[in-house]
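Text of my_file_18.cif, listed as mmCIF, C-alpha atoms, pLDDT in the B column; chains and numbers go by the auth columns:
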```cif
data_structure
#
loop_
_atom_site.group_PDB
_atom_site.id
_atom_site.type_symbol
_atom_site.label_atom_id
_atom_site.label_comp_id
_atom_site.label_asym_id
_atom_site.label_seq_id
_atom_site.Cartn_x
_atom_site.Cartn_y
_atom_site.Cartn_z
_atom_site.B_iso_or_equiv
_atom_site.auth_seq_id
_atom_site.auth_asym_id
ATOM 1 C CA MET A 1 51.135 162.373 183.085 60.00 1 A
ATOM 2 C CA GLY A 2 49.120 159.828 181.142 63.00 2 A
ATOM 3 C CA LYS A 3 50.006 158.065 177.970 68.00 3 A
ATOM 4 C CA PRO A 4 50.418 160.277 174.910 68.00 4 A
ATOM 5 C CA ALA A 5 47.342 160.448 172.680 74.00 5 A
ATOM 6 C CA ARG A 6 47.415 158.001 169.803 80.00 6 A
ATOM 7 C CA THR A 7 47.223 159.517 166.372 91.00 7 A
ATOM 8 C CA VAL A 8 44.588 158.593 163.844 92.00 8 A
ATOM 9 C CA LEU A 9 47.293 156.830 161.831 91.00 9 A
ATOM 10 C CA HIS A 10 48.299 154.689 164.817 93.00 10 A
ATOM 11 C CA LYS A 11 44.657 153.784 165.431 94.00 11 A
ATOM 12 C CA LEU A 12 44.216 152.884 161.771 95.00 12 A
ATOM 13 C CA LEU A 13 47.340 150.721 161.842 95.00 13 A
ATOM 14 C CA ASP A 14 46.122 148.980 165.008 95.00 14 A
ATOM 15 C CA ALA A 15 42.702 148.351 163.465 96.00 15 A
ATOM 16 C CA THR A 16 44.349 146.935 160.339 96.00 16 A
ATOM 17 C CA ARG A 17 46.533 144.650 162.457 97.00 17 A
ATOM 18 C CA TYR A 18 43.481 143.392 164.418 97.00 18 A
ATOM 19 C CA SER A 19 41.602 142.762 161.169 97.00 19 A
ATOM 20 C CA TRP A 20 44.530 140.841 159.724 97.00 20 A
ATOM 21 C CA ARG A 21 44.710 138.709 162.899 98.00 21 A
ATOM 22 C CA GLY A 22 40.992 138.006 162.524 97.00 22 A
ATOM 23 C CA LEU A 23 41.446 136.870 158.931 97.00 23 A
ATOM 24 C CA GLN A 24 44.367 134.667 159.978 98.00 24 A
ATOM 25 C CA ALA A 25 42.273 133.142 162.772 97.00 25 A
ATOM 26 C CA ALA A 26 39.377 132.473 160.391 97.00 26 A
ATOM 27 C CA TRP A 27 41.745 130.827 157.929 98.00 27 A
ATOM 28 C CA ALA A 28 43.401 128.716 160.646 98.00 28 A
ATOM 29 C CA HIS A 29 40.267 127.607 162.490 97.00 29 A
ATOM 30 C CA GLU A 30 37.283 127.794 160.129 97.00 30 A
ATOM 31 C CA GLN A 31 37.049 125.185 157.375 97.00 31 A
ATOM 32 C CA ALA A 32 33.928 126.814 155.906 96.00 32 A
ATOM 33 C CA PHE A 33 35.789 130.127 155.569 97.00 33 A
ATOM 34 C CA ARG A 34 38.668 128.447 153.729 98.00 34 A
ATOM 35 C CA LEU A 35 36.235 126.725 151.358 97.00 35 A
ATOM 36 C CA GLU A 36 34.414 129.994 150.667 97.00 36 A
ATOM 37 C CA VAL A 37 37.721 131.764 149.981 98.00 37 A
ATOM 38 C CA TYR A 38 38.686 129.051 147.488 98.00 38 A
ATOM 39 C CA LEU A 39 35.287 129.334 145.798 97.00 39 A
ATOM 40 C CA SER A 40 35.632 133.113 145.672 96.00 40 A
ATOM 41 C CA LEU A 41 39.012 132.750 143.978 97.00 41 A
ATOM 42 C CA LEU A 42 37.210 130.835 141.225 97.00 42 A
ATOM 43 C CA LEU A 43 34.089 132.980 141.139 96.00 43 A
ATOM 44 C CA VAL A 44 35.697 136.428 140.980 96.00 44 A
ATOM 45 C CA PRO A 45 37.238 135.771 137.551 97.00 45 A
ATOM 46 C CA ALA A 46 34.022 133.988 136.505 97.00 46 A
ATOM 47 C CA ALA A 47 31.992 137.074 137.481 97.00 47 A
ATOM 48 C CA LEU A 48 34.191 139.228 135.276 95.00 48 A
ATOM 49 C CA PHE A 49 33.618 136.819 132.401 95.00 49 A
ATOM 50 C CA VAL A 50 29.896 136.097 132.938 96.00 50 A
ATOM 51 C CA GLY A 51 28.798 139.652 133.726 96.00 51 A
ATOM 52 C CA SER A 52 27.432 141.477 130.693 94.00 52 A
ATOM 53 C CA ASN A 53 28.426 144.980 131.859 96.00 53 A
ATOM 54 C CA LEU A 54 30.105 146.675 134.798 97.00 54 A
ATOM 55 C CA THR A 55 26.958 146.752 136.943 97.00 55 A
ATOM 56 C CA HIS A 56 26.265 143.079 136.287 97.00 56 A
ATOM 57 C CA LYS A 57 29.859 142.141 137.116 97.00 57 A
ATOM 58 C CA LEU A 58 29.672 144.074 140.391 97.00 58 A
ATOM 59 C CA LEU A 59 26.339 142.437 141.272 97.00 59 A
ATOM 60 C CA LEU A 60 27.985 139.045 140.840 97.00 60 A
ATOM 61 C CA LEU A 61 31.002 140.034 142.940 97.00 61 A
ATOM 62 C CA LEU A 62 28.916 141.453 145.788 97.00 62 A
ATOM 63 C CA PRO A 63 27.506 138.172 147.131 97.00 63 A
ATOM 64 C CA CYS A 64 30.982 136.594 147.097 96.00 64 A
ATOM 65 C CA GLY A 65 32.087 139.231 149.588 97.00 65 A
ATOM 66 C CA LEU A 66 28.805 139.014 151.482 98.00 66 A
ATOM 67 C CA VAL A 67 29.210 135.267 152.070 98.00 67 A
ATOM 68 C CA LEU A 68 32.748 135.784 153.411 98.00 68 A
ATOM 69 C CA LEU A 69 31.560 138.644 155.599 98.00 69 A
ATOM 70 C CA MET A 70 28.720 136.607 157.086 98.00 70 A
ATOM 71 C CA GLU A 71 31.033 133.636 157.682 98.00 71 A
ATOM 72 C CA LEU A 72 33.366 135.913 159.661 98.00 72 A
ATOM 73 C CA VAL A 73 30.454 137.268 161.728 98.00 73 A
ATOM 74 C CA ASN A 74 29.129 133.759 162.330 98.00 74 A
ATOM 75 C CA SER A 75 32.573 132.564 163.421 97.00 75 A
ATOM 76 C CA ALA A 76 32.893 135.524 165.791 97.00 76 A
ATOM 77 C CA ILE A 77 29.518 134.720 167.361 97.00 77 A
ATOM 78 C CA GLU A 78 30.436 131.056 167.768 96.00 78 A
ATOM 79 C CA SER A 79 33.812 131.923 169.319 96.00 79 A
ATOM 80 C CA ALA A 80 32.247 134.348 171.795 96.00 80 A
ATOM 81 C CA ILE A 81 29.559 131.849 172.794 95.00 81 A
ATOM 82 C CA ASP A 82 32.113 129.048 173.188 94.00 82 A
ATOM 83 C CA ARG A 83 34.239 131.368 175.358 94.00 83 A
ATOM 84 C CA ILE A 84 31.280 131.886 177.693 92.00 84 A
ATOM 85 C CA GLY A 85 30.769 128.175 178.271 89.00 85 A
ATOM 86 C CA THR A 86 30.197 124.789 176.701 86.00 86 A
ATOM 87 C CA GLU A 87 27.056 123.792 178.602 90.00 87 A
ATOM 88 C CA GLN A 88 23.768 123.671 176.701 93.00 88 A
ATOM 89 C CA ASN A 89 21.931 126.984 176.815 94.00 89 A
ATOM 90 C CA GLU A 90 18.888 128.089 174.836 96.00 90 A
ATOM 91 C CA LEU A 91 20.215 131.612 174.223 95.00 91 A
ATOM 92 C CA SER A 92 23.653 130.344 173.177 95.00 92 A
ATOM 93 C CA ALA A 93 22.057 127.916 170.746 96.00 93 A
ATOM 94 C CA ARG A 94 19.819 130.693 169.401 97.00 94 A
ATOM 95 C CA ALA A 95 22.802 133.020 168.882 97.00 95 A
ATOM 96 C CA LYS A 96 24.690 130.319 166.975 96.00 96 A
ATOM 97 C CA ASP A 97 21.610 129.455 164.919 98.00 97 A
ATOM 98 C CA LEU A 98 21.059 133.118 164.055 98.00 98 A
ATOM 99 C CA GLY A 99 24.663 133.455 162.923 98.00 99 A
ATOM 100 C CA SER A 100 24.262 130.350 160.803 98.00 100 A
ATOM 101 C CA ALA A 101 21.031 131.735 159.359 98.00 101 A
ATOM 102 C CA GLY A 102 22.928 134.858 158.322 98.00 102 A
ATOM 103 C CA VAL A 103 25.365 132.711 156.329 98.00 103 A
ATOM 104 C CA PHE A 104 22.423 130.831 154.803 98.00 104 A
ATOM 105 C CA VAL A 105 20.696 134.051 153.734 98.00 105 A
ATOM 106 C CA SER A 106 23.928 135.317 152.156 98.00 106 A
ATOM 107 C CA LEU A 107 24.229 132.038 150.234 97.00 107 A
ATOM 108 C CA MET A 108 20.627 132.398 149.026 98.00 108 A
ATOM 109 C CA ILE A 109 21.407 135.918 147.808 97.00 109 A
ATOM 110 C CA PHE A 110 24.399 134.446 146.012 97.00 110 A
ATOM 111 C CA LEU A 111 22.218 131.858 144.277 97.00 111 A
ATOM 112 C CA VAL A 112 19.498 134.364 143.366 97.00 112 A
ATOM 113 C CA LEU A 113 22.094 136.456 141.531 97.00 113 A
ATOM 114 C CA TRP A 114 24.290 133.730 140.068 97.00 114 A
ATOM 115 C CA ILE A 115 21.779 131.155 138.782 97.00 115 A
ATOM 116 C CA PRO A 116 19.921 133.498 136.401 97.00 116 A
ATOM 117 C CA SER A 117 23.217 135.079 135.331 96.00 117 A
ATOM 118 C CA LEU A 118 24.704 131.697 134.457 96.00 118 A
ATOM 119 C CA TRP A 119 21.470 130.671 132.747 96.00 119 A
ATOM 120 C CA GLN A 120 21.535 133.803 130.601 95.00 120 A
ATOM 121 C CA PHE A 121 25.252 133.458 129.878 95.00 121 A
ATOM 122 C CA PHE A 122 24.940 129.877 128.612 94.00 122 A
ATOM 123 C CA HIS A 123 21.668 130.634 126.825 94.00 123 A
ATOM 124 C CA ASP A 124 23.350 133.471 124.911 91.00 124 A
ATOM 125 C CA MET A 125 26.225 131.166 123.948 87.00 125 A
ATOM 126 C CA GLY A 126 23.881 128.611 122.358 78.00 126 A
#
```
Mind turning the file's structure into structure tokens?
Amino acid sequence: MGKPARTVLHKLLDATRYSWRGLQAAWAHEQAFRLEVYLSLLLVPAALFVGSNLTHKLLLLLPCGLVLLMELVNSAIESAIDRIGTEQNELSARAKDLGSAGVFVSLMIFLVLWIPSLWQFFHDMG
């Protein structure tokens, strides 16, 4: 007889444990991730203060999560490429550059949403 089938709950618990290990690894090994977490800890309350209504607040929170998400994906790509080998390779460099570009695009989305929101917030105060 084979192993007993794993329940959905067991699979969910395993997936949660793997995700937690990934977050711990990002925190331990990725300085950019730690910096972005610290910034998010400042920006989440700021979004709740700066946002004029619920939709606006959510639109300011969204890019904070997006930046963290893209940093995790970029770190995963870099780790996988580094596991394959350290020699120079055009495809490895391209994969790392594409992951970095994803972080850059998420930061641009962040700026596109935050700069006008901050401008409006301070304009309305004056």
Please identify all polymer residues within 9 Å of Glu71 (chain A), counting only C-alpha atoms, omitting same-chain residues fewer than 4 positions from it, and present them as a ChimeraX atom specification. /A:26,30,32-33,36,66-67,75-76,99-100,102-103
Quick one: axis-aligned box around all listed atoms of region 20-25 of chain A, 8 Å on every side, centre and edge lengths in Å to one decimal, written as lines of an AutoDock Vina configuration file.
```
center_x = 42.9
center_y = 137.0
center_z = 160.9
size_x = 19.7
size_y = 23.7
size_z = 20.0
```
Pick from A:Leu13, A:Val44, A:Met125, A:Ala25 nearest to Leu58 (chain A), counting only C-alpha atoms: A:Val44
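For the atom pair formed by CA of Arg17 (chain A) and CA of Pro63 (chain A), the distance is 25.3 Å, given to one decimal.
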Which is closest to Asp82 (chain A) among A:Leu48, A:Leu111, A:Leu54, A:Ala95, if we use all atoms listed in the file? A:Ala95
Using only C-alpha atoms, determine which residues lie at most 12 Å from Phe122 (chain A), disregarding the query and same-chain residues fewer than 4 positions distant; provide the list as a PDB file with C-alpha atoms, in the frame of the given file.
```pdb
ATOM      1  CA  PHE A  49      33.618 136.819 132.401  1.00 95.00           C
ATOM      2  CA  VAL A  50      29.896 136.097 132.938  1.00 96.00           C
ATOM      3  CA  GLY A  51      28.798 139.652 133.726  1.00 96.00           C
ATOM      4  CA  ILE A 115      21.779 131.155 138.782  1.00 97.00           C
ATOM      5  CA  PRO A 116      19.921 133.498 136.401  1.00 97.00           C
ATOM      6  CA  SER A 117      23.217 135.079 135.331  1.00 96.00           C
ATOM      7  CA  LEU A 118      24.704 131.697 134.457  1.00 96.00           C
ATOM      8  CA  GLY A 126      23.881 128.611 122.358  1.00 78.00           C
TER       9      GLY A 126
END
```
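The spacing separating CA of Phe110 (chain A) from CA of Leu60 (chain A) amounts to 7.8 Å.
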Determine, counting all atoms listed in the file, every residue of protein, DNA or RNA that lies within 12 Å of (38.8, 136.5, 148.7) in the file coordinates, then give the result as number ranges by chain. A: 23, 27, 33-45, 61-69
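CA of Gly85 (chain A) is found 24.2 Å from CA of Tyr18 (chain A).
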From the list A:Met70, A:His56, A:Arg94, A:Ser19, which residue is nearest Leu107 (chain A) when using all atoms listed in the file? A:Met70
Using all atoms listed in the file, which of the listed residues (A:Ala93, A:Ala101, A:Leu72, A:Met108) sits closest to Gln24 (chain A)? A:Leu72
